[in-house]
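For reference, the structure discussed in these notes is given below.
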Amino acid sequence: MPRSQRNDNFIDKTFTVMADLILKVLPTSRTAKEAFAYYRDGMSAQAEGEYAEALANYEEALRLEEDPRDRSFILYNMGLIHASNGEHERALEYYHQSLELNPSMPQALNNIAVIYHYLGEQAQEAGNTEEADALFDQAAEYWQRAIRLAPNNYIEAQNWLKTTGRARLDAFF
């Protein structure tokens, strides 16, 4: 039984009913509607921490979805799951794929920066100063790109960039 048919939560049920109604009225292909249903079920499973189920739904949505922008959000969510499971390299792959399809996605840029910053902290704790600096520089690069797209977001990253001397003046409003 599809996840959308077994939601216990009133809000989830309401969202599902509304989404189904909208899908019925929208002039879109059967395949696009099916891709959205898998994506919606993936988001529901992900919200409940059912990551294997979410990934299976996202993979099916990705197989069916043709729109590059929609595909970018599917890939982004797959990256979120891998990042939360500590699979940083795999998460980075999905975030980069997402950005190839949708370069105007500051949340993917931010998450890449967060991973590089985390890896930089790990390298620093291990005494690998050069590696840490290189990773921090990569984090700075991605945060600056995210801030250019969403200047009112990522305030902590903006502060980190300024306090570490990695801020470039053209990155801020």
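In the structure tokens, each chain is lettered A, B, ... as it comes, each chain's residues begin at 1, and ligands are numbered from 1 in order of appearance.
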Give me the residues near Pro68 of chain A as a list in words, where near means some atom within 8 Å (using only C-alpha atoms) and where sequence neighbours in that chain fewer than 2 positions away do not count.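 The residues satisfying every condition are Glu66, Asp70, Arg71, Ser72, Leu101 and Asn102 of chain A.
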Contacts of segment 117-133 of chain A at 12 Å or less, counting only C-alpha atoms, minus same-chain residues fewer than 3 places along, as a PyMOL selection string? chain A and resi 83+86-89+92+110-114+136-143+157+160-161+164+166
Counting only C-alpha atoms, the option among A:Ile81, A:Phe73, A:Pro103, A:Phe36 closest to Leu55 of chain A: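 Ranking A:Ile81, A:Phe73, A:Pro103, A:Phe36 by distance to Leu55 of chain A, first place goes to A:Ile81.
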As a ChimeraX atom specification, please: all residues of chain A that backbone DSSP puts in alpha helix (DSSP H). /A:10-25,30-47,51-64,68-84,88-101,106-125,129-149,155-163
Nearest to Ala108 of chain A, chosen from A:Arg90, A:Asn85, A:Leu80, A:Ala37, with only C-alpha atoms counted in the distances: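 Selected residue with least distance to Ala108 of chain A: A:Leu80.
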